[in-house]
Structures are given as C-alpha cells and as structure tokens.
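This is input32.csv (CSV, C-alpha atoms).
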chain,number,residue,atom,x,y,z
A,1,MET,CA,-18.4,5.1,-6.4
A,2,LYS,CA,-20.3,2.7,-4.2
A,3,VAL,CA,-21.0,3.3,-0.5
A,4,TYR,CA,-22.3,0.5,1.6
A,5,SER,CA,-22.6,-0.7,5.2
A,6,GLN,CA,-20.0,-2.9,6.9
A,7,GLY,CA,-21.7,-4.0,10.1
A,8,ASP,CA,-23.5,-1.6,12.4
A,9,GLN,CA,-20.6,0.9,13.0
A,10,ALA,CA,-18.6,1.0,9.7
A,11,ILE,CA,-19.1,2.1,6.1
A,12,VAL,CA,-17.2,1.2,3.0
A,13,VAL,CA,-16.4,3.5,0.1
A,14,SER,CA,-15.6,1.4,-3.0
A,15,LEU,CA,-14.3,2.5,-6.3
A,16,LYS,CA,-14.8,0.4,-9.4
A,17,GLY,CA,-12.1,-0.4,-12.0
A,18,ASP,CA,-8.4,-1.1,-12.0
A,19,VAL,CA,-5.9,-0.1,-9.3
A,20,THR,CA,-4.4,3.1,-10.5
A,21,PRO,CA,-2.8,6.2,-8.8
A,22,ALA,CA,-5.9,8.2,-9.8
A,23,ALA,CA,-8.2,5.8,-8.1
A,24,THR,CA,-6.2,5.7,-4.9
A,25,GLU,CA,-6.0,9.5,-5.0
A,26,LYS,CA,-9.8,9.7,-5.0
A,27,LEU,CA,-9.9,7.7,-1.8
A,28,LEU,CA,-7.1,9.8,-0.2
A,29,LEU,CA,-9.0,13.0,-1.1
A,30,ILE,CA,-12.1,11.7,0.7
A,31,ARG,CA,-10.0,10.7,3.7
A,32,HIS,CA,-8.3,14.1,3.6
A,33,CYS,CA,-11.6,15.9,3.7
A,34,LEU,CA,-13.0,13.8,6.5
A,35,ILE,CA,-9.9,14.2,8.6
A,36,ASN,CA,-9.9,18.0,8.1
A,37,GLN,CA,-13.5,18.2,9.3
A,38,ASN,CA,-12.4,16.5,12.6
A,39,TYR,CA,-15.7,14.6,13.1
A,40,PRO,CA,-15.5,13.3,16.7
A,41,PHE,CA,-17.7,10.3,15.8
A,42,ILE,CA,-15.3,8.9,13.2
A,43,THR,CA,-13.0,6.5,15.0
A,44,GLU,CA,-10.8,5.1,12.2
A,45,ILE,CA,-10.2,5.5,8.4
A,46,VAL,CA,-8.5,2.6,6.6
A,47,PRO,CA,-7.9,3.0,2.9
A,48,THR,CA,-6.8,0.1,0.7
A,49,GLU,CA,-6.3,0.0,-3.1
A,50,THR,CA,-9.9,0.6,-4.3
A,51,ASP,CA,-11.8,0.6,-1.0
A,52,MET,CA,-11.8,2.6,2.2
A,53,LEU,CA,-13.3,1.5,5.5
A,54,ILE,CA,-14.6,4.2,7.8
A,55,SER,CA,-15.5,3.2,11.3
A,56,TYR,CA,-17.8,5.4,13.4
A,57,ASP,CA,-19.4,5.6,16.9
A,58,ALA,CA,-23.1,5.0,16.2
A,59,ARG,CA,-24.1,5.7,19.8
A,60,MET,CA,-22.4,9.1,19.8
A,61,MET,CA,-24.1,10.0,16.6
A,62,MET,CA,-27.5,9.0,17.8
A,63,LYS,CA,-27.0,10.9,21.0
A,64,HIS,CA,-25.7,14.2,19.6
A,65,LEU,CA,-26.8,14.5,16.0
A,66,ASN,CA,-30.6,13.9,16.4
A,67,ILE,CA,-30.6,11.4,13.5
A,68,ASP,CA,-32.5,8.1,12.9
A,69,SER,CA,-29.7,6.2,11.0
A,70,PRO,CA,-26.0,6.7,11.5
A,71,PHE,CA,-25.3,4.8,8.3
A,72,LEU,CA,-27.6,6.9,6.2
A,73,HIS,CA,-26.1,10.1,7.7
A,74,MET,CA,-22.5,8.8,6.9
A,75,LYS,CA,-23.5,7.8,3.4
A,76,ALA,CA,-25.1,11.2,2.6
A,77,MET,CA,-22.1,13.0,4.1
A,78,ILE,CA,-19.6,11.0,2.0
A,79,GLU,CA,-21.7,11.2,-1.2
A,80,ASN,CA,-21.9,15.0,-0.8
A,81,ILE,CA,-18.1,15.4,-0.8
A,82,ASN,CA,-17.1,17.0,-4.1
A,83,ILE,CA,-13.5,15.9,-4.9
A,84,ASP,CA,-13.6,17.1,-8.5
A,85,ASP,CA,-11.9,20.4,-7.7
A,86,MET,CA,-9.8,19.1,-4.8
A,87,THR,CA,-6.1,18.2,-4.9
A,88,LEU,CA,-3.9,16.7,-2.3
A,89,ASP,CA,-1.7,19.2,-0.5
A,90,LYS,CA,1.5,17.1,-0.7
A,91,GLU,CA,3.8,16.8,-3.7
A,92,ILE,CA,4.5,13.4,-5.2
A,93,HIS,CA,7.0,11.8,-2.9
A,94,CYS,CA,9.4,9.4,-4.6
A,95,VAL,CA,11.5,7.1,-2.4
A,96,LYS,CA,14.6,5.7,-4.0
A,97,VAL,CA,15.4,2.3,-2.7
A,98,PRO,CA,18.8,0.5,-3.1
A,99,ILE,CA,18.5,-3.2,-3.7
A,100,VAL,CA,21.0,-6.1,-3.8
A,101,TYR,CA,19.7,-8.7,-6.1
A,102,GLY,CA,20.0,-12.5,-5.8
A,103,GLY,CA,22.3,-14.7,-3.8
A,104,ALA,CA,21.5,-14.9,-0.1
A,105,ASN,CA,19.7,-11.6,-0.4
A,106,GLY,CA,17.3,-12.8,-3.1
A,107,PRO,CA,17.1,-16.6,-2.8
A,108,HIS,CA,14.3,-17.0,-5.3
A,109,LEU,CA,15.8,-14.9,-8.1
A,110,GLU,CA,17.6,-17.7,-10.0
A,111,MET,CA,14.4,-19.9,-10.0
A,112,ILE,CA,12.4,-16.9,-11.3
A,113,LEU,CA,14.9,-16.3,-14.1
A,114,LYS,CA,14.7,-19.9,-15.2
A,115,GLU,CA,11.0,-19.8,-15.2
A,116,LEU,CA,10.8,-16.6,-17.2
A,117,ASN,CA,13.6,-17.7,-19.5
A,118,MET,CA,15.3,-14.4,-18.8
A,119,ASP,CA,18.9,-13.4,-18.0
A,120,ARG,CA,19.7,-11.6,-14.7
A,121,GLN,CA,20.6,-8.2,-16.2
A,122,THR,CA,17.4,-8.0,-18.2
A,123,PHE,CA,15.3,-8.8,-15.1
A,124,ILE,CA,17.1,-6.1,-13.1
A,125,GLU,CA,16.7,-3.6,-15.9
A,126,ILE,CA,13.0,-4.3,-16.0
A,127,HIS,CA,12.5,-4.2,-12.3
A,128,THR,CA,14.5,-1.0,-11.7
A,129,GLY,CA,12.9,0.6,-14.8
A,130,THR,CA,9.5,0.8,-13.2
A,131,ASP,CA,8.1,3.7,-11.2
A,132,TYR,CA,6.1,1.8,-8.5
A,133,PHE,CA,3.0,3.3,-6.8
A,134,VAL,CA,2.2,2.6,-3.2
A,135,SER,CA,-1.4,1.4,-3.6
A,136,MET,CA,-1.9,0.0,-0.1
A,137,MET,CA,-0.2,-0.3,3.3
A,138,GLY,CA,-0.5,-3.3,5.5
A,139,TYR,CA,0.6,-6.7,6.6
A,140,SER,CA,3.2,-5.2,9.0
A,141,PRO,CA,3.8,-1.6,10.1
A,142,GLY,CA,5.1,0.5,7.2
A,143,PHE,CA,4.9,-2.4,4.7
A,144,PRO,CA,4.2,-1.0,1.2
A,145,TYR,CA,2.3,-2.8,-1.5
A,146,LEU,CA,3.7,-1.6,-4.8
A,147,SER,CA,1.6,-1.6,-7.9
A,148,GLY,CA,3.1,-1.3,-11.4
A,149,VAL,CA,5.1,-4.6,-11.8
A,150,ASP,CA,6.0,-5.0,-15.4
A,151,PRO,CA,4.0,-7.9,-16.9
A,152,GLN,CA,7.2,-9.4,-18.2
A,153,ILE,CA,8.4,-10.3,-14.7
A,154,ILE,CA,5.1,-11.3,-13.1
A,155,VAL,CA,5.2,-14.8,-11.5
A,156,ASN,CA,1.7,-16.2,-10.6
A,157,HIS,CA,2.7,-18.4,-7.8
A,158,THR,CA,4.4,-18.3,-4.4
A,159,ALA,CA,7.5,-20.3,-3.2
A,160,ALA,CA,7.3,-24.0,-2.8
A,161,GLU,CA,7.8,-23.7,1.0
A,162,PRO,CA,7.6,-20.8,3.5
A,163,ARG,CA,10.8,-19.5,5.0
A,164,LEU,CA,12.0,-16.9,7.5
A,165,ILE,CA,12.3,-13.6,5.6
A,166,PRO,CA,14.4,-10.8,7.0
A,167,ALA,CA,13.3,-7.2,7.3
A,168,GLY,CA,14.3,-5.3,4.2
A,169,SER,CA,13.6,-8.2,1.8
A,170,VAL,CA,12.1,-7.2,-1.6
A,171,ILE,CA,9.4,-9.6,-2.5
A,172,LEU,CA,7.2,-10.5,-5.5
A,173,GLU,CA,3.6,-11.6,-5.1
A,174,ASN,CA,1.7,-12.0,-8.4
A,175,ASN,CA,1.4,-8.5,-9.8
A,176,LYS,CA,2.6,-6.8,-6.6
A,177,CYS,CA,6.0,-6.0,-5.2
A,178,GLY,CA,6.7,-5.3,-1.6
A,179,ILE,CA,9.4,-4.6,1.0
A,180,THR,CA,9.2,-6.3,4.4
A,181,THR,CA,9.7,-4.0,7.4
A,182,THR,CA,9.9,-6.7,10.0
A,183,GLU,CA,11.2,-10.3,10.1
A,184,THR,CA,8.4,-12.6,8.9
A,185,TYR,CA,7.7,-16.2,8.0
A,186,SER,CA,6.1,-16.5,4.5
A,187,ASP,CA,6.1,-18.1,1.1
A,188,TRP,CA,6.7,-14.9,-0.8
A,189,LEU,CA,9.3,-14.9,-3.6
A,190,VAL,CA,12.3,-13.0,-2.4
A,191,ILE,CA,14.4,-11.3,-5.2
A,192,GLY,CA,16.7,-9.0,-3.2
A,193,HIS,CA,17.3,-6.9,-0.1
A,194,THR,CA,17.6,-3.3,0.8
A,195,SER,CA,19.5,-1.8,3.7
A,196,LEU,CA,17.2,1.3,3.7
A,197,PRO,CA,15.2,1.3,7.0
A,198,LEU,CA,11.5,1.7,6.2
A,199,PHE,CA,10.1,1.3,9.7
A,200,ASN,CA,11.3,3.0,12.9
A,201,PRO,CA,9.0,2.6,15.9
A,202,LYS,CA,10.9,5.2,17.9
A,203,LYS,CA,9.8,8.0,15.5
A,204,GLU,CA,6.4,9.6,15.5
A,205,ASP,CA,6.3,9.3,11.7
A,206,PHE,CA,7.5,5.7,11.9
A,207,ALA,CA,7.1,4.8,8.2
A,208,LEU,CA,9.4,6.1,5.5
A,209,ILE,CA,6.9,5.2,2.8
A,210,SER,CA,3.2,6.0,2.9
A,211,LEU,CA,0.1,5.4,0.8
A,212,GLY,CA,0.2,7.4,-2.5
A,213,ASP,CA,4.0,7.6,-2.6
A,214,HIS,CA,6.1,6.4,-5.5
A,215,VAL,CA,9.1,4.0,-5.2
A,216,LYS,CA,12.1,3.6,-7.5
A,217,PHE,CA,14.6,0.8,-7.1
A,218,PHE,CA,18.2,1.0,-8.1
A,219,GLU,CA,20.8,-1.8,-7.9
A,220,VAL,CA,23.8,-1.9,-5.6
A,221,GLN,CA,26.3,-4.6,-4.9
A,222,ALA,CA,26.5,-6.6,-1.7
A,223,GLY,CA,28.7,-4.7,0.8
A,224,GLY,CA,28.7,-1.6,-1.4
A,225,ASN,CA,27.6,2.0,-0.8
A,226,ASP,CA,23.8,2.3,-0.9
A,227,ALA,CA,23.8,6.1,-1.1

Could I get this structure in the form of structure tokens?
Amino acid sequence: MKVYSQGDQAIVVSLKGDVTPAATEKLLLIRHCLINQNYPFITEIVPTETDMLISYDARMMMKHLNIDSPFLHMKAMIENINIDDMTLDKEIHCVKVPIVYGGANGPHLEMILKELNMDRQTFIEIHTGTDYFVSMMGYSPGFPYLSGVDPQIIVNHTAAEPRLIPAGSVILENNKCGITTTETYSDWLVIGHTSLPLFNPKKEDFALISLGDHVKFFEVQAGGNDA
C-alpha cells in the first residue's frame, strides 16, 4: 500500500497489483474505518478500483489538532489502520440484471460477433456466465464499472462513431462492462439493454448497485417478462 499527497488538501491510498474483489475490499475497509471514526476534518472519500482519494480540511486540522503537517498526520493515521482482522459488515450483494441482447437494444452486437468469429448464443452464454464485480462507480450517478469480463469477448476498441445511448444500455469498454444510468452520448459498444432501473434520484439510496456488489446478467426477450 502506498500513501501519497494529492495537492495540499487530499491524500491518495494506492494498492498495487491487479483489480480484484480482495483489493477493492481493502479500500472499502479503510473507508469504513474512517467513516466510523467520524473525523470532522475529512470532507470526502472517493474510492476507485485500486486507489482512494481522501480530501481533508487542512485549515481545520492545523487549528484544532496542534500539528505541523496535515498530510503527515493523515498519512500516519491511515497507515496505522489494521485491516487484517476486519471484515465488512454487509453480506455480498448480488444484483440480477435482465438484458435484451442485440437488435435496436444492442446495435453493436452483430459487429462484435463478426469480429470475434462467434455465434450469438455462445456470446450470450459467456456474457451471462460471468459473476461481475463492481470495482468502481462513476461517469454518471449510479453507473457501475463491472470487472470480470471473460477474455473471450473482450474487444479492444470503441465504436467507429459516437451515438446517443439510452439509459439502461449494457456496454463493453475493453475489459470492462457497464450499465448506463442516464442518457448519454458516447462511442461505447452497446450489446443490450435492461429495463431494471439502477438510478432513482427521488430515493435517498438512489443507486441500486454500489461499489463491492456483484452483478449477474440473464437474458430476456424484447417485450418479455424481466422478472
């Protein structure tokens, strides 16, 4: 684990190695510990796949903690957190996501199948056969970045031209899969669509999927029952 400064009021916790559920869980444990301590000078904690940005109020720390360096204080505090014997309170949350593949719902699927020299059913079996891990949230509210794409269906390029992508579109981007939560304009490769609402701004807990969750896709037919 590496801890370094990011400007004069932020610190980064960085984990080395591949993106794995275990690596992300380490960051979540550190975040969980800091949140539980309710430090008034920590203003924001933003975890990604292998890094976590922690913003703090340096002026408040200098005024109330009698310290010379807010950064060194934060660094020591983080490095003294022992996560070896800690576990996250929540059970593994697996969200089952219905998906209609291809056609107007997945305009890039046929092109992908030709490029991979793969038939539609094989692709769907591979895509639905994976247990995806939510390794990062971002881009738009409630948007999950899903790790665990089978190497057999990885496509290392984007679409030839950007297009308007509806909310609920299931996209591929290199070794990641994602689900759009708002309408967007992008060159992502769209393979299907889900009717499952992942983002509801009217709810306090507005995102159905969160960092550390698991996602499992299952195929449904257009106009069919997604339950």

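Residues in contact range of A:Pro166, defined as at most 8 Å between only C-alpha atoms, with sequence neighbours fewer than 5 positions away removed, read Thr180, Thr182, Glu183 and Thr184 of chain A.
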
Would you mind listing what lies within 10 Å of A:Met61 as a PyMOL selection string, with all atoms listed in the file counted and same-chain residues fewer than 5 positions away left out?
chain A and resi 40-42+56+66-71+73-74

Okay, now the selection with C-alpha atoms, as a tab-separated table (two decimals), in the frame of the given file?
chain	number	residue	atom	x	y	z
A	40	PRO	CA	-15.50	13.30	16.70
A	41	PHE	CA	-17.70	10.30	15.80
A	42	ILE	CA	-15.30	8.90	13.20
A	56	TYR	CA	-17.80	5.40	13.40
A	66	ASN	CA	-30.60	13.90	16.40
A	67	ILE	CA	-30.60	11.40	13.50
A	68	ASP	CA	-32.50	8.10	12.90
A	69	SER	CA	-29.70	6.20	11.00
A	70	PRO	CA	-26.00	6.70	11.50
A	71	PHE	CA	-25.30	4.80	8.30
A	73	HIS	CA	-26.10	10.10	7.70
A	74	MET	CA	-22.50	8.80	6.90

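The smallest atom-to-atom distance between A:Gly148 and any of A:Val134, A:Leu164, A:Ile11, A:Ile54, using only C-alpha atoms, is found for A:Val134.
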
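Using all atoms listed in the file, the shortest contact distance between A:Ser14 and any of A:Met60, A:Leu211, A:Glu79, A:Gln37 is found at A:Glu79.
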
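For the pair atom CA of A:Cys94 and atom CA of A:Lys216, the separation is 7.0 Å.
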
Just to confirm, what's the straight-line distance from atom CA of A:Val46 to atom CA of A:Thr24 in Å (one decimal)?
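Distance reported for this atom pair: 12.1 Å.
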
Residues at most 10 Å from A:Met111, counting all atoms listed in the file, excluding those fewer than 3 positions away in the same chain, as a list in words?
Pro107, His108, Lys114, Glu115, Leu116, Asn117, Ala159, Leu189 and Ile191 of chain A

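Distances to A:His157 were evaluated for A:Thr128, A:Val170, A:Asp187, A:His32 using all atoms listed in the file, and the minimum falls at A:Asp187.
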
Separation of atom CA of A:Val3 and atom CA of A:Cys33, in Å?
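Taking atom CA of A:Val3 as the start and atom CA of A:Cys33 as the end point, the length is 16.3 Å.
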
Out of A:Ala22, A:Leu29, A:Pro162, A:Gly7, which residue has the shortest atom-to-atom distance to A:Asp57 when counting all atoms listed in the file?
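Selected residue with least distance to A:Asp57: A:Gly7.
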
Polymer residues at most 10 Å from A:His93, only C-alpha atoms, same-chain spacing of 2 or more positions, as a short mmCIF file (atom, residue, chain, number, x, y, z; two decimals) with C-alpha atoms, in the coordinates of the input:
data_model
loop_
_atom_site.label_atom_id
_atom_site.label_comp_id
_atom_site.auth_asym_id
_atom_site.auth_seq_id
_atom_site.Cartn_x
_atom_site.Cartn_y
_atom_site.Cartn_z
CA LYS A 90 1.50 17.10 -0.70
CA GLU A 91 3.80 16.80 -3.70
CA VAL A 95 11.50 7.10 -2.40
CA LYS A 96 14.60 5.70 -4.00
CA ILE A 209 6.90 5.20 2.80
CA SER A 210 3.20 6.00 2.90
CA GLY A 212 0.20 7.40 -2.50
CA ASP A 213 4.00 7.60 -2.60
CA HIS A 214 6.10 6.40 -5.50
CA VAL A 215 9.10 4.00 -5.20
#

Out of A:Thr48, A:Gln152, A:Ser195, A:Asn38, which residue has the shortest atom-to-atom distance to A:Tyr139 when counting all atoms listed in the file?
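Result for the nearest residue to A:Tyr139: A:Thr48.
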
For the point (-2.0, 3.4, -15.8) in the file's frame, write as an MDAnalysis selection string all residues with an atom no more than 12 Å away, counting only C-alpha atoms.
chainID A and resid 17:24 131:133 147:150

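Once A:Phe206 and its same-chain neighbours fewer than 3 positions away are set aside, A:Pro141, A:Gly142, A:Phe143, A:Thr181, A:Pro197, A:Leu198, A:Phe199, A:Asn200, A:Pro201, A:Lys202, A:Lys203, A:Ile209, A:Ser210 remain within 12 Å of it when counting all atoms listed in the file.
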
Nearest candidate to A:Lys176 (options A:Gly223, A:Glu204, A:Arg163, A:Glu49; using all atoms listed in the file):
A:Glu49
